[in-house]
Amino acid sequence: MSLMYGKEKESNQEIEHDPGFCSFFTKLPSKSPETGTIRLFSRPEGFYTTHGPDAQYVATHVFRTNSVIKYLGGGGKAGLPSVSLKESVAKTFLREALTTKQLRVEIWEPEPGQGKKPTKFRLTKEASPGNLQAVEDLLFENSDMMSAPIVMAIKIASSVTAGSGKARTKAVGVAYADVSIRELGVSEFVDDDLFSNTESLIIQLNVKEALITTGTASGKTERDVDLNKLKAVLERCGVVVTERKPSEFTAKNIQEDLVRLLTPASTSSSVTIDSAITIPQLSLAQAPSSLAALLSYLSLLSDPTNHGSFTIRTHDLTQYMRLDASALRAMNLSESGPSSGSSNRNTTLLGLLNKCKTAQGTRLLATWIKQPLVNLHEIRKRQDLVQMFVDNPDTRRTLQDDYMKYMPDLHRISKRFQKSVATLEDVVRVYQVALKEYDENLSKYSEMVEQTLDLDELDNHHFVIKADYDSRLRELADRLIEIRDGLDEEHKQVAEDLDVELDKKLHLENSQMYGYCLRLTKNEAKLIHNKRAYIELGTTKSGTFFTTKTLKELSNEYQEVTESYSRTQSGLVKEVINIAATYTPVLESLDHVIAHLDLILSLAHVAVNAPEAYVRPTVLEKGSGNLILREARHPCLEVQDDISFIPNDVELVKGESEFQIITGPNMGGKSTFLLSCGVIALMAQIGSFVPCSEAQVPILDSILCRVGAGDSQLKGISTFMGEMLDIATILRSATADSLIIIDELGRGTSTYDGFGLAWAISEHIASQIHSFCLFATHFHELTALDQQLPHVKNLHVVAHVAKTGDSKQDRDITLLYKVEPGVCDQSFGIHVAELANFPESVVKLAKKKAEELEEFNTDGDEDEPKFDKDTTDAGVKIVEDLMRTWASRIPDELDGEDVVMPDSPLPELQLEELRKCVQEFQPQINANPWVQHLLASL
């Protein structure tokens, strides 16, 4: 947590050393940051305190020093560790704790009637990463979240066996809530034992917290096994797990609860005799139970403002491209939290594409990136809109700079209206957007504002009710004018009496301490000494303050009338805000339009202003085309400083080159090549233009990645286990319409095991699944797979090698970052070590040991003949031609036979044909020493 604040004495308020509080604190249930919860105690003086392990955590992560810790209860460091935070620091800390550190928070306030030194507190607010309702206004009043936190409840039904020998499947019922827009959702689907579909749903919805049932005491039942697997998926996705009693997952009262929460539009009156309300989502088998647990956890029914204001929807997993957590990280789609972003926004796809001018546009972009479309019609609709603003730059710039830039966050304002915490400023912000000629639905709103608010005061940033709007207000306003005239008259009379210059030596002021009074400069103060008509109030550097009997009476009356005016206006403000709140549905609809327009403008802006302009990709129906990219570039890398990006072509053709193996040196560009393809395909399916000179992309149902070790070690998972978990998910969930990206596999175990796994996995994907697949590897032996499967192709990143000495390791290597057909048959690991500035002695030793190993692998036979490249290549061609000729002469009787019986004459016939072929090729064999050596070794 990167919070740095000056000297701690500024924020470390004095904490009362009261043993009564220490006694109270020690009786509380044990909770700490280590268990995922932190407690803050609100103090009457306007600051917060933390105690025990929480204090140690705050000292370490906020102030980065233990000097801020005070020990309560005496006994030096044996006392209760305590740290205090001023309000601004506490708010920042809470925001980081909930959104980045994924902690739960409790806020305790003094019990009533304890005065300024409370010893007993009560829990008043609880918040978690997925449920910020209680603290939202406290934390986010001056800052925007990238996207609303989603909390989800998950129920797993009993396992279902699809058939003998097949993998077990499970029925999963899910409910989720986005309280920021008052929306509930459900989803129900069949999942595998790795919960691949659940993981995709978590990514699509940006879930922050998940409710699951507690396990049994033994922890050994089938349900416990499933729960542990589900927990692993949730942790991999960075979701906070909250366990709830199984009894909460009961749909007993869910019907009546939903009827109270939902808007009439979300339900339908059925035509049955009992006139019951029909809610289609309750017909699902498992989701209603999850919905019941969710409503209970969020306590939605306890807030009357929620009644009749929620909507409900059914989320269909298949309407969006599926992404797993590994793909999210590998393609660097978005930051993991609000404070995790780099100073360079272009390091993530979200940061690169986010040229939005509004908060709602940014939030919608974050959603689009995690929910790429699979509906061709909808994708093309988005493309058409982007195309329109690419072709009309003047219109795009006008909308961005003159309109979008000044649009308020109508979603946040609508929520303030719903919670009855809006102000007149919110009313005015909506009025400034709701131009009559723009939307007839808001014309009455504009009239209401113009009739009730004093718009002339907006230039002074004063948001007040127009005095003429109400007779009581007009009467009070007139009286204030009369009093002010009386004050001015008294000011003039005193100036004449004292014979001093008005407003230069005698000033009329409204003092915070004295009310309306007069002030004389120090040099003139002697004029009022010993005069009974003038009452001295006090003296400061600026002069002497005094009043008169008349002035004092006018000042008191002014204060009384002003307070009465404020009370009267306050009631009218509530009326105006209540009227404005009735327009919330219209505002939310307009907010969606603004967000959509802002996002389309942003995509057009990025497409035009890239180092090389993006092109509109040709998107094809699922399963009906090939993935072909010309001069593809990585959108984030090409905009980095001091980078001249070298583009490459990608051709994934079904039945010809759908599986590609890429070899080449480290740092040669293999990973960039792979990830460029994945990111471009995703961009195409969100409706964006792409960084290519030409692009054809078939709709993909998923992008599945295995790239790097990630942070699995921090969660107690080895690199190899992390690899295997990712690959297991890929093998279970990939289809022929998926794109699989694997960047190295098998490096976490022994060379032989690693290669064996890499080969088996590659062969399975290529021969059984038939997904588009890009597989980067350092196992050069894997490239032999193209000899077995015709649709496997080998590519390599090009490196220019120049000899610099006698040793094989003495070479100068230039990385060209171009991808070309064929196999890279050299390793460049030591070269990379040199680039990393390894000590010269280490590099020399590495070269020596590498040469020794190469000599060892040649069996140490110094008499082994050496052949030049031309001779070897010619020899290989002779052997290939010989084998093809022999294969063409295999007797037809062998075709279709799986087993040759021991007494069959076919083996002898084949051997006889081989002898004949060798005789025919004997002149060529005699002319090539490499082939002669090969036959002799056999």
# chains A, B, ... in the order shown; residues from 1 in each chain; ligands from 1

call {"tool": "select_by_dssp", "arguments": {"residues": "stretch 26-193 of chain A", "states": "alpha helix (DSSP H)", "output": "list of chain:residue names"}}
result
A:Thr26, A:Pro53, A:Asp54, A:Ala55, A:Gln56, A:Tyr57, A:Val58, A:Glu87, A:Ser88, A:Val89, A:Ala90, A:Lys91, A:Thr92, A:Phe93, A:Leu94, A:Arg95, A:Glu96, A:Ala97, A:Leu98, A:Thr99, A:Glu136, A:Asp137, A:Leu138, A:Leu139

call {"tool": "residues_around", "arguments": {"residues": "A:Arg532", "least_positions_apart": "5", "cutoff": "12 Å", "atoms": "only C-alpha atoms", "output": "VMD selection string"}}
result
chain A and resid 527 546 to 549

call {"tool": "write_last_selection", "arguments": {"atoms": "N, CA and C atoms", "output": "PDB file, in the first residue's frame"}}
result
ATOM      1  N   LEU A 527     -10.580  57.151  18.751  1.00  0.00           N
ATOM      2  CA  LEU A 527     -11.783  57.959  18.537  1.00  0.00           C
ATOM      3  C   LEU A 527     -12.981  57.453  19.342  1.00  0.00           C
ATOM      4  N   PHE A 546     -15.855  47.026  17.312  1.00  0.00           N
ATOM      5  CA  PHE A 546     -16.817  47.607  18.241  1.00  0.00           C
ATOM      6  C   PHE A 546     -18.191  47.593  17.611  1.00  0.00           C
ATOM      7  N   THR A 547     -19.206  47.923  18.434  1.00  0.00           N
ATOM      8  CA  THR A 547     -20.580  47.945  17.938  1.00  0.00           C
ATOM      9  C   THR A 547     -21.357  49.044  18.649  1.00  0.00           C
ATOM     10  N   THR A 548     -22.607  49.209  18.226  1.00  0.00           N
ATOM     11  CA  THR A 548     -23.518  50.142  18.881  1.00  0.00           C
ATOM     12  C   THR A 548     -24.768  49.372  19.258  1.00  0.00           C
ATOM     13  N   LYS A 549     -25.621  49.993  20.056  1.00  0.00           N
ATOM     14  CA  LYS A 549     -26.846  49.329  20.479  1.00  0.00           C
ATOM     15  C   LYS A 549     -27.701  48.969  19.266  1.00  0.00           C
TER      16      LYS A 549
END

call {"tool": "closest_residue", "arguments": {"among": "A:Thr663, A:Ser767, A:Thr49, A:Thr92", "to": "A:Trp108", "atoms": "only C-alpha atoms"}}
result
A:Thr49

call {"tool": "residues_around", "arguments": {"residues": "A:Leu205", "least_positions_apart": "6", "cutoff": "8 Å", "atoms": "only C-alpha atoms", "output": "VMD selection string"}}
result
chain A and resid 150 367 370

call {"tool": "write_last_selection", "arguments": {"atoms": "N, CA and C atoms", "output": "PDB file, in the first residue's frame"}}
result
ATOM      1  N   ILE A 150     -18.742  -6.661  -7.459  1.00  0.00           N
ATOM      2  CA  ILE A 150     -19.824  -7.636  -7.556  1.00  0.00           C
ATOM      3  C   ILE A 150     -19.611  -8.698  -6.486  1.00  0.00           C
ATOM      4  N   THR A 367     -15.950  -3.310 -18.573  1.00  0.00           N
ATOM      5  CA  THR A 367     -16.890  -4.421 -18.747  1.00  0.00           C
ATOM      6  C   THR A 367     -16.742  -5.051 -20.124  1.00  0.00           C
ATOM      7  N   LYS A 370     -13.830  -7.517 -20.576  1.00  0.00           N
ATOM      8  CA  LYS A 370     -14.002  -8.830 -19.956  1.00  0.00           C
ATOM      9  C   LYS A 370     -15.197  -9.591 -20.510  1.00  0.00           C
TER      10      LYS A 370
END

call {"tool": "select_by_dssp", "arguments": {"residues": "stretch 612-781 of chain A", "states": "strand (DSSP E)", "output": "PyMOL selection string"}}
result
chain A and resi 618-620+627-632+648-652+659-663+694-698+702-707+738-743+772-776

call {"tool": "write_last_selection", "arguments": {"atoms": "C-alpha atoms", "output": "PDB file, in the first residue's frame"}}
result
ATOM      1  CA  THR A 618     -13.260  -8.708 -40.960  1.00  0.00           C
ATOM      2  CA  VAL A 619     -15.083 -10.747 -38.320  1.00  0.00           C
ATOM      3  CA  LEU A 620     -16.547 -14.074 -39.455  1.00  0.00           C
ATOM      4  CA  LEU A 627      -7.464 -16.366 -38.257  1.00  0.00           C
ATOM      5  CA  ILE A 628      -5.260 -14.274 -40.537  1.00  0.00           C
ATOM      6  CA  LEU A 629      -3.441 -11.112 -39.424  1.00  0.00           C
ATOM      7  CA  ARG A 630      -1.142  -9.104 -41.678  1.00  0.00           C
ATOM      8  CA  GLU A 631       1.607  -7.042 -40.037  1.00  0.00           C
ATOM      9  CA  ALA A 632       0.178  -7.626 -36.591  1.00  0.00           C
ATOM     10  CA  ASN A 648       4.599 -10.144 -38.024  1.00  0.00           C
ATOM     11  CA  ASP A 649       1.990 -12.059 -39.956  1.00  0.00           C
ATOM     12  CA  VAL A 650      -0.224 -14.686 -38.341  1.00  0.00           C
ATOM     13  CA  GLU A 651      -1.874 -17.439 -40.403  1.00  0.00           C
ATOM     14  CA  LEU A 652      -3.908 -19.989 -38.489  1.00  0.00           C
ATOM     15  CA  PHE A 659      -1.441 -25.641 -34.558  1.00  0.00           C
ATOM     16  CA  GLN A 660       1.853 -23.734 -34.670  1.00  0.00           C
ATOM     17  CA  ILE A 661       5.023 -24.444 -32.718  1.00  0.00           C
ATOM     18  CA  ILE A 662       7.308 -21.441 -32.279  1.00  0.00           C
ATOM     19  CA  THR A 663      10.957 -21.869 -31.336  1.00  0.00           C
ATOM     20  CA  GLU A 694      -5.298  -6.382 -42.624  1.00  0.00           C
ATOM     21  CA  ALA A 695      -7.183  -8.727 -40.308  1.00  0.00           C
ATOM     22  CA  GLN A 696      -9.620 -11.616 -40.599  1.00  0.00           C
ATOM     23  CA  VAL A 697     -10.862 -13.049 -37.300  1.00  0.00           C
ATOM     24  CA  PRO A 698     -13.429 -15.823 -36.821  1.00  0.00           C
ATOM     25  CA  SER A 702     -12.685 -18.597 -25.649  1.00  0.00           C
ATOM     26  CA  ILE A 703      -9.064 -17.545 -25.326  1.00  0.00           C
ATOM     27  CA  LEU A 704      -7.139 -19.830 -22.984  1.00  0.00           C
ATOM     28  CA  CYS A 705      -3.582 -19.087 -21.903  1.00  0.00           C
ATOM     29  CA  ARG A 706      -0.696 -20.686 -20.119  1.00  0.00           C
ATOM     30  CA  VAL A 707       2.037 -18.063 -19.832  1.00  0.00           C
ATOM     31  CA  SER A 738     -11.036 -21.656 -29.109  1.00  0.00           C
ATOM     32  CA  LEU A 739      -7.651 -19.977 -29.280  1.00  0.00           C
ATOM     33  CA  ILE A 740      -5.019 -21.587 -27.039  1.00  0.00           C
ATOM     34  CA  ILE A 741      -1.805 -19.751 -26.196  1.00  0.00           C
ATOM     35  CA  ILE A 742       0.944 -21.711 -24.455  1.00  0.00           C
ATOM     36  CA  ASP A 743       4.231 -19.961 -23.757  1.00  0.00           C
ATOM     37  CA  PHE A 772      -6.279 -22.728 -32.978  1.00  0.00           C
ATOM     38  CA  CYS A 773      -3.087 -23.033 -30.938  1.00  0.00           C
ATOM     39  CA  LEU A 774       0.181 -21.110 -30.681  1.00  0.00           C
ATOM     40  CA  PHE A 775       2.772 -23.057 -28.689  1.00  0.00           C
ATOM     41  CA  ALA A 776       6.149 -21.474 -27.893  1.00  0.00           C
TER      42      ALA A 776
END

call {"tool": "closest_residue", "arguments": {"among": "A:Arg104, A:His462, A:Arg363, A:Arg416", "to": "A:Glu34", "atoms": "only C-alpha atoms"}}
result
A:Arg104

call {"tool": "atom_distance", "arguments": {"atom1": "atom CA of A:Val68", "atom2": "atom CA of A:Ser82"}}
result
8.4 Å

call {"tool": "residues_around", "arguments": {"residues": "A:Ala607", "least_positions_apart": "3", "cutoff": "10 Å", "atoms": "only C-alpha atoms", "output": "PyMOL selection string"}}
result
chain A and resi 353+386-387+390+601-604+610-616+688-691

call {"tool": "residues_around", "arguments": {"residues": "A:Ser200", "least_positions_apart": "3", "cutoff": "10 Å", "atoms": "only C-alpha atoms", "output": "PyMOL selection string"}}
result
chain A and resi 195-197+203-206+237+317+320-325+370-371+702
